[in-house]
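K.L.:
Take a look at coords28.cif, mmCIF, C-alpha atoms:
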data_coords
#
loop_
_atom_site.label_atom_id
_atom_site.label_comp_id
_atom_site.auth_asym_id
_atom_site.auth_seq_id
_atom_site.Cartn_x
_atom_site.Cartn_y
_atom_site.Cartn_z
CA MET A 1 0.00 0.00 0.00
CA THR A 2 2.00 0.76 -0.04
CA ASP A 3 5.64 1.73 1.02
CA THR A 4 8.94 0.48 -0.14
CA ILE A 5 8.76 0.53 -3.92
CA ARG A 6 11.50 0.37 -6.51
CA GLN A 7 12.19 -0.16 -10.19
CA LYS A 8 15.14 -1.63 -12.09
CA HIS A 9 17.42 -2.38 -9.17
CA LEU A 10 14.69 -4.31 -7.30
CA ALA A 11 15.89 -7.58 -8.75
CA ALA A 12 19.34 -7.04 -7.27
CA ARG A 13 18.07 -6.89 -3.70
CA ASP A 14 17.88 -9.84 -1.36
CA SER A 15 14.59 -11.44 -0.31
CA LYS A 16 14.39 -9.47 2.90
CA ALA A 17 14.74 -6.19 1.06
CA LYS A 18 12.15 -7.42 -1.39
CA ARG A 19 9.72 -8.04 1.44
CA GLY A 20 10.12 -4.43 2.52
CA THR A 21 9.23 -3.37 -0.97
CA ILE A 22 6.19 -5.59 -1.02
CA LEU A 23 4.66 -3.92 1.97
CA GLY A 24 5.96 -0.48 1.46
CA VAL A 25 6.92 1.01 -1.79
CA GLY A 26 4.93 -1.23 -4.07
CA LEU A 27 2.17 1.25 -4.68
CA VAL A 28 4.45 4.11 -5.61
CA ILE A 29 6.46 2.04 -8.06
CA ALA A 30 3.27 0.81 -9.65
CA LEU A 31 2.09 4.36 -10.09
CA ALA A 32 5.42 5.34 -11.60
CA ALA A 33 5.06 2.56 -14.16
CA LEU A 34 1.47 3.51 -14.82
CA THR A 35 2.45 7.09 -15.58
CA ALA A 36 5.30 6.03 -17.89
CA CYS A 37 8.11 7.00 -15.57
CA GLY A 38 11.33 6.14 -17.34
CA GLY A 39 13.80 6.89 -14.54
CA SER A 40 15.82 4.10 -12.98
CA ASP A 41 16.32 5.78 -9.62
CA ALA A 42 13.98 3.96 -7.23
CA GLU A 43 14.27 6.74 -4.68
CA LYS A 44 13.14 9.41 -7.10
CA PRO A 45 9.86 10.94 -5.86
CA VAL A 46 7.04 9.62 -7.98
CA ALA A 47 5.37 12.98 -8.24
CA GLY A 48 8.37 14.33 -10.09
CA ALA A 49 8.19 11.54 -12.62
CA GLU A 50 4.58 11.91 -13.58
CA THR A 51 3.59 13.10 -17.01
CA GLU A 52 0.88 15.14 -15.43
CA ALA A 53 1.19 16.87 -12.08
CA PRO A 54 -1.04 15.32 -9.43
CA SER A 55 -3.69 17.36 -7.72
CA SER A 56 -2.33 19.34 -4.79
CA ALA A 57 -5.73 19.95 -3.29
CA PRO A 58 -5.82 19.63 0.49
CA PRO A 59 -8.04 16.94 2.05
CA SER A 60 -10.77 19.49 2.59
CA ALA A 61 -10.89 20.10 -1.16
CA VAL A 62 -11.34 16.43 -1.98
CA PRO A 63 -14.93 15.23 -2.27
CA SER A 64 -16.02 14.14 1.19
CA ALA A 65 -18.48 11.55 -0.03
CA VAL A 66 -17.41 7.94 -0.14
CA PRO A 67 -19.16 5.13 -1.98
CA SER A 68 -21.83 3.40 0.06
CA GLU A 69 -20.33 0.08 -0.96
CA LEU A 70 -17.33 -1.25 -2.83
CA PRO A 71 -18.17 -1.80 -6.51
CA GLU A 72 -18.39 -5.38 -7.66
CA PRO A 73 -15.28 -6.76 -9.38
CA SER A 74 -15.21 -6.44 -13.16
CA ALA A 75 -15.40 -10.22 -13.42
CA PRO A 76 -18.31 -11.76 -11.48
CA ALA A 77 -17.37 -13.84 -8.48
CA THR A 78 -17.32 -17.48 -9.55
CA VAL A 79 -16.74 -19.04 -6.14
CA ASP A 80 -19.15 -19.21 -3.25
CA PRO A 81 -17.32 -17.56 -0.31
CA ALA A 82 -18.65 -20.26 1.99
CA LYS A 83 -16.99 -22.94 -0.17
CA VAL A 84 -13.62 -21.22 -0.52
CA THR A 85 -10.42 -22.83 0.69
CA CYS A 86 -7.82 -20.17 1.51
CA GLU A 87 -4.11 -20.55 0.91
CA TYR A 88 -1.98 -19.12 3.70
CA ARG A 89 1.68 -19.91 3.18
CA LYS A 90 4.74 -19.28 5.29
CA ASP A 91 6.57 -16.04 4.62
CA ASP A 92 10.15 -17.20 4.24
CA SER A 93 11.54 -13.84 3.11
CA GLY A 94 13.18 -13.17 6.45
CA SER A 95 11.15 -10.03 7.04
CA PRO A 96 10.18 -9.02 10.59
CA ALA A 97 7.18 -11.04 11.70
CA LYS A 98 4.79 -11.18 14.61
CA PHE A 99 3.62 -14.75 14.19
CA VAL A 100 0.44 -15.68 16.03
CA GLY A 101 -0.37 -18.72 13.91
CA PHE A 102 -2.06 -19.39 10.58
CA PRO A 103 -5.72 -18.56 9.97
CA PRO A 104 -7.96 -21.55 9.25
CA LYS A 105 -8.02 -22.50 5.58
CA LYS A 106 -11.80 -22.54 5.59
CA PRO A 107 -13.20 -19.09 6.48
CA THR A 108 -14.94 -19.25 9.81
CA LYS A 109 -18.66 -18.65 10.08
CA ALA A 110 -17.93 -15.48 12.04
CA ALA A 111 -15.64 -14.21 9.27
CA LEU A 112 -18.22 -15.02 6.60
CA ARG A 113 -20.88 -13.15 8.58
CA ALA A 114 -18.64 -10.15 9.28
CA LYS A 115 -19.94 -6.86 7.90
CA THR A 116 -17.47 -4.34 9.31
CA MET A 117 -13.91 -3.94 10.54
CA THR A 118 -13.46 -1.16 13.07
CA VAL A 119 -9.97 0.25 13.57
CA ARG A 120 -9.98 1.96 16.96
CA THR A 121 -7.20 4.55 17.14
CA ASN A 122 -6.13 7.31 19.49
CA GLN A 123 -7.34 9.76 16.83
CA GLY A 124 -10.81 8.18 16.56
CA ASP A 125 -12.55 5.13 15.15
CA ILE A 126 -12.46 4.17 11.47
CA VAL A 127 -15.27 1.82 10.44
CA ILE A 128 -14.77 -0.19 7.24
CA GLU A 129 -17.64 -1.94 5.53
CA LEU A 130 -16.33 -5.26 4.24
CA THR A 131 -17.00 -6.72 0.81
CA PRO A 132 -18.15 -10.35 0.42
CA TYR A 133 -15.74 -10.80 -2.49
CA THR A 134 -12.65 -11.15 -0.25
CA PRO A 135 -13.41 -14.06 2.11
CA CYS A 136 -9.78 -15.04 2.66
CA THR A 137 -8.71 -11.46 3.34
CA VAL A 138 -11.54 -10.95 5.83
CA ASN A 139 -10.81 -14.35 7.38
CA SER A 140 -7.20 -13.29 7.91
CA PHE A 141 -8.17 -9.98 9.50
CA ALA A 142 -10.72 -11.69 11.74
CA PHE A 143 -8.08 -14.19 12.85
CA LEU A 144 -5.43 -11.56 13.54
CA ALA A 145 -7.88 -9.26 15.31
CA GLY A 146 -8.95 -12.14 17.52
CA LYS A 147 -5.29 -12.67 18.46
CA LYS A 148 -4.93 -8.95 19.37
CA TYR A 149 -2.30 -8.74 16.64
CA PHE A 150 -3.02 -5.11 15.81
CA ASP A 151 -3.30 -3.89 19.40
CA ASN A 152 -0.85 -1.09 20.21
CA THR A 153 0.54 -0.92 16.68
CA VAL A 154 0.74 2.26 14.61
CA CYS A 155 -0.22 3.55 11.21
CA HIS A 156 3.34 3.99 10.05
CA ARG A 157 3.03 5.58 6.63
CA LEU A 158 1.39 8.71 5.26
CA VAL A 159 1.98 9.83 1.71
CA THR A 160 0.27 12.58 -0.23
CA ALA A 161 0.02 13.64 -3.84
CA GLU A 162 2.63 16.30 -3.07
CA THR A 163 5.16 13.86 -1.63
CA ASN A 164 4.54 10.69 -3.61
CA GLY A 165 1.80 11.20 -6.15
CA LEU A 166 -0.57 9.11 -4.01
CA ASP A 167 -2.88 9.84 -1.07
CA LEU A 168 -2.62 6.93 1.39
CA LEU A 169 -2.56 6.18 5.09
CA GLN A 170 -0.97 2.79 5.68
CA CYS A 171 -1.21 0.59 8.77
CA GLY A 172 -0.75 -3.01 9.85
CA ASP A 173 3.01 -3.39 10.32
CA PRO A 174 3.34 -4.79 13.87
CA GLN A 175 6.97 -3.71 14.31
CA ALA A 176 6.76 -0.23 12.81
CA LYS A 177 7.50 2.86 14.87
CA GLY A 178 5.84 5.38 12.57
CA ASP A 179 8.39 8.10 13.26
CA GLY A 180 9.72 8.58 9.73
CA GLU A 181 13.12 7.33 10.89
CA ASN A 182 12.88 3.61 11.57
CA PRO A 183 14.56 1.94 8.54
CA THR A 184 12.40 -1.18 8.71
CA ASP A 185 8.97 0.45 8.83
CA GLY A 186 6.79 -1.14 6.17
CA THR A 187 8.50 -4.53 6.17
CA GLY A 188 6.69 -6.33 9.00
CA GLY A 189 3.91 -8.85 8.74
CA PRO A 190 2.19 -11.86 10.31
CA GLY A 191 4.68 -14.45 9.11
CA TYR A 192 2.38 -15.70 6.35
CA LEU A 193 1.22 -14.54 2.92
CA PHE A 194 -1.92 -15.13 0.87
CA PRO A 195 -3.20 -14.52 -2.68
CA ASP A 196 -4.99 -11.50 -4.10
CA GLU A 197 -8.76 -11.30 -4.29
CA ASN A 198 -11.39 -9.08 -5.90
CA LEU A 199 -9.06 -7.22 -8.26
CA GLY A 200 -10.85 -4.67 -10.39
CA PRO A 201 -12.46 -1.84 -8.38
CA GLN A 202 -10.62 1.49 -8.40
CA TYR A 203 -8.93 2.76 -5.27
CA VAL A 204 -10.96 5.95 -4.90
CA ARG A 205 -11.46 7.92 -1.71
CA GLY A 206 -12.59 5.71 1.15
CA VAL A 207 -11.53 2.39 -0.38
CA VAL A 208 -9.35 0.19 1.84
CA PHE A 209 -6.98 -2.29 0.23
CA MET A 210 -4.08 -4.59 0.97
CA ALA A 211 -0.54 -3.23 0.67
CA GLN A 212 1.98 -5.12 -1.42
CA GLY A 213 4.51 -4.25 -4.09
CA GLY A 214 3.52 -4.12 -7.72
CA ASP A 215 6.21 -6.72 -8.38
CA ALA A 216 4.95 -9.08 -5.71
CA ALA A 217 1.48 -10.27 -6.58
CA ASN A 218 -0.31 -12.66 -4.23
CA SER A 219 1.88 -11.64 -1.30
CA ASN A 220 -0.61 -10.08 1.10
CA GLY A 221 0.15 -10.02 4.80
CA SER A 222 -1.34 -7.69 7.42
CA GLN A 223 -0.63 -4.23 6.03
CA PHE A 224 -3.46 -2.24 4.51
CA ALA A 225 -3.92 1.23 3.08
CA ILE A 226 -6.78 3.73 3.25
CA SER A 227 -7.25 5.92 0.19
CA PHE A 228 -8.18 9.49 1.09
CA SER A 229 -8.58 10.94 -2.39
CA ASN A 230 -9.41 9.91 -5.93
CA GLU A 231 -5.73 10.29 -6.96
CA ASN A 232 -5.31 6.58 -6.30
CA ALA A 233 -7.77 5.64 -9.03
CA GLN A 234 -4.68 5.79 -11.28
CA LEU A 235 -3.26 2.67 -9.66
CA PRO A 236 -3.40 -0.59 -11.59
CA ALA A 237 -5.74 -3.27 -10.27
CA ALA A 238 -3.00 -5.09 -8.37
CA TYR A 239 -4.06 -4.61 -4.75
CA THR A 240 -6.89 -6.43 -2.99
CA PRO A 241 -9.69 -3.96 -2.14
CA PHE A 242 -11.63 -5.43 0.77
CA GLY A 243 -13.80 -2.62 2.03
CA VAL A 244 -14.77 1.02 2.15
CA VAL A 245 -14.75 3.49 5.04
CA VAL A 246 -18.33 4.27 6.04
CA GLN A 247 -17.50 6.11 9.27
CA GLY A 248 -14.36 7.93 10.26
CA MET A 249 -13.06 9.56 7.06
CA GLU A 250 -12.95 12.77 9.10
CA VAL A 251 -10.45 10.98 11.34
CA VAL A 252 -8.28 10.16 8.33
CA ASP A 253 -8.60 13.75 7.05
CA LYS A 254 -7.50 15.06 10.46
CA ILE A 255 -4.42 12.85 10.36
CA VAL A 256 -3.62 14.06 6.83
CA LYS A 257 -4.15 17.68 7.83
CA GLY A 258 -1.58 17.18 10.59
CA GLY A 259 1.10 16.81 7.96
CA VAL A 260 3.79 14.39 6.89
CA ASN A 261 6.90 13.63 8.91
CA THR A 262 9.30 13.10 6.04
CA ALA A 263 12.25 10.79 6.24
CA PRO A 264 15.62 12.40 7.13
CA ASP A 265 16.76 12.36 3.51
CA GLY A 266 13.45 13.75 2.32
CA ILE A 267 12.61 10.54 0.47
CA ASP A 268 9.85 8.11 1.39
CA ILE A 269 12.19 5.12 1.26
CA THR A 270 14.80 5.49 3.99
CA SER A 271 16.75 2.33 3.14
CA ASP A 272 16.84 -0.56 0.71
CA GLU A 273 14.91 -2.65 3.22
CA GLY A 274 12.16 -0.28 4.29
CA GLY A 275 11.35 2.95 6.03
CA SER A 276 8.68 5.47 5.14
CA ASN A 277 7.27 8.93 5.58
CA ALA A 278 4.96 9.02 8.57
CA PRO A 279 2.04 11.06 9.86
CA LYS A 280 3.06 13.90 12.15
CA LEU A 281 0.02 13.11 14.26
CA PRO A 282 0.88 9.77 15.90
CA VAL A 283 -1.74 7.17 14.99
CA LYS A 284 -1.84 4.35 17.51
CA ILE A 285 -4.22 1.46 16.92
CA LYS A 286 -5.82 0.46 20.20
CA THR A 287 -7.52 -2.58 18.72
CA VAL A 288 -9.25 -3.90 15.61
CA VAL A 289 -12.72 -5.44 15.75
CA VAL A 290 -14.16 -7.56 12.94
CA ARG A 291 -17.84 -8.45 13.19
#
When written as structure tokens, how does the structure in this file appear?

P.N.:
Amino acid sequence: MTDTIRQKHLAARDSKAKRGTILGVGLVIALAALTACGGSDAEKPVAGAETEAPSSAPPSAVPSAVPSELPEPSAPATVDPAKVTCEYRKDDSGSPAKFVGFPPKKPTKAALRAKTMTVRTNQGDIVIELTPYTPCTVNSFAFLAGKKYFDNTVCHRLVTAETNGLDLLQCGDPQAKGDGENPTDGTGGPGYLFPDENLGPQYVRGVVFMAQGGDAANSNGSQFAISFSNENAQLPAAYTPFGVVVQGMEVVDKIVKGGVNTAPDGIDITSDEGGSNAPKLPVKIKTVVVR
């Protein structure tokens, strides 16, 4: 979602560095490719590489309305969510992990019934309406939430159209510090990965989707991103959209209005392995509730 993305020299990095890219920069690199960025410098701000300057409108200038529900995928769902068997595989990349076990391969009844995921933060609650087209993603969140996995973690990354060409708040890395200085922010996960789901809907304001690198399909973990403008509609359909914010976008806007704590070198990626710009307003997740 989003935070350690690169281009040509990605292949030269080790698997651990690659994991950081998956959960961090992936979105930015994907946008660079989408906008025909020809530069080979992975640390070059995406906004500077765009063929058309992104909107610099503040959050207040972005339409406040969010869709009442996530659009259906372009291809109709062909599998009954209740009959799905999920594939959760071990993450052997060497990235930081907070392992609390593997979710059940068959989505639980509670996960299948779940309608919302509430992210309770020190800045306010963010309520996400879940889509039925992502049973394995919801099953994973329900499992992790039940294990208190997200408790006392932070939303570690904030990027805007001005800094990165995207408007995203990213959370879900259990080891992140969210201070704009920790070189491994954006690389942590639950110790397992799972495939993409529901690809197709655009990542407009209010849509919540899984964070992974554009070069690392089917490598979802625990990190997710909240889109706070329509700038992200430019992104390719490579990130699992699993819900839409129905309450609490004003909380996200407040965090955005607080500003970005940029990395020491002024670049979103603070090292080959991770790191990210962070919200100046600390965003601590008290707990996550899926029901």

K.L.:
Let me know the residues the PyMOL selection byres ((chain A and resi 169-177) around 7) catches in the file above, as an MDAnalysis selection string.

P.N.:
chainID A and resid 1:2 98 150 153:159 168 178:179 182 185:189 222:227

K.L.:
Pick from A:Asn220, A:Asn139, A:Asn198, A:Thr116: nearest to Cys86 of chain A, with only C-alpha atoms counted?

P.N.:
A:Asn139

K.L.:
Would you compute the distance between atom CA of Ile285 of chain A and atom CA of Leu193 of chain A? Give it in Å to one decimal.

P.N.:
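Those two atoms sit 21.9 Å apart.
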
K.L.:
Would you mind telling me which residue in A:Phe194, A:Phe228, A:Tyr203, A:Phe99 lies nearest to Thr134 of chain A when using all atoms listed in the file?

P.N.:
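Residue with the minimum atom-to-atom distance to Thr134 of chain A: A:Phe194.
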
K.L.:
Might you pull out every residue within 8 Å of Lys148 of chain A, with all atoms listed in the file counted and same-chain residues fewer than 4 positions away left off, and present them as a PyMOL selection string?

P.N.:
chain A and resi 144+287-288
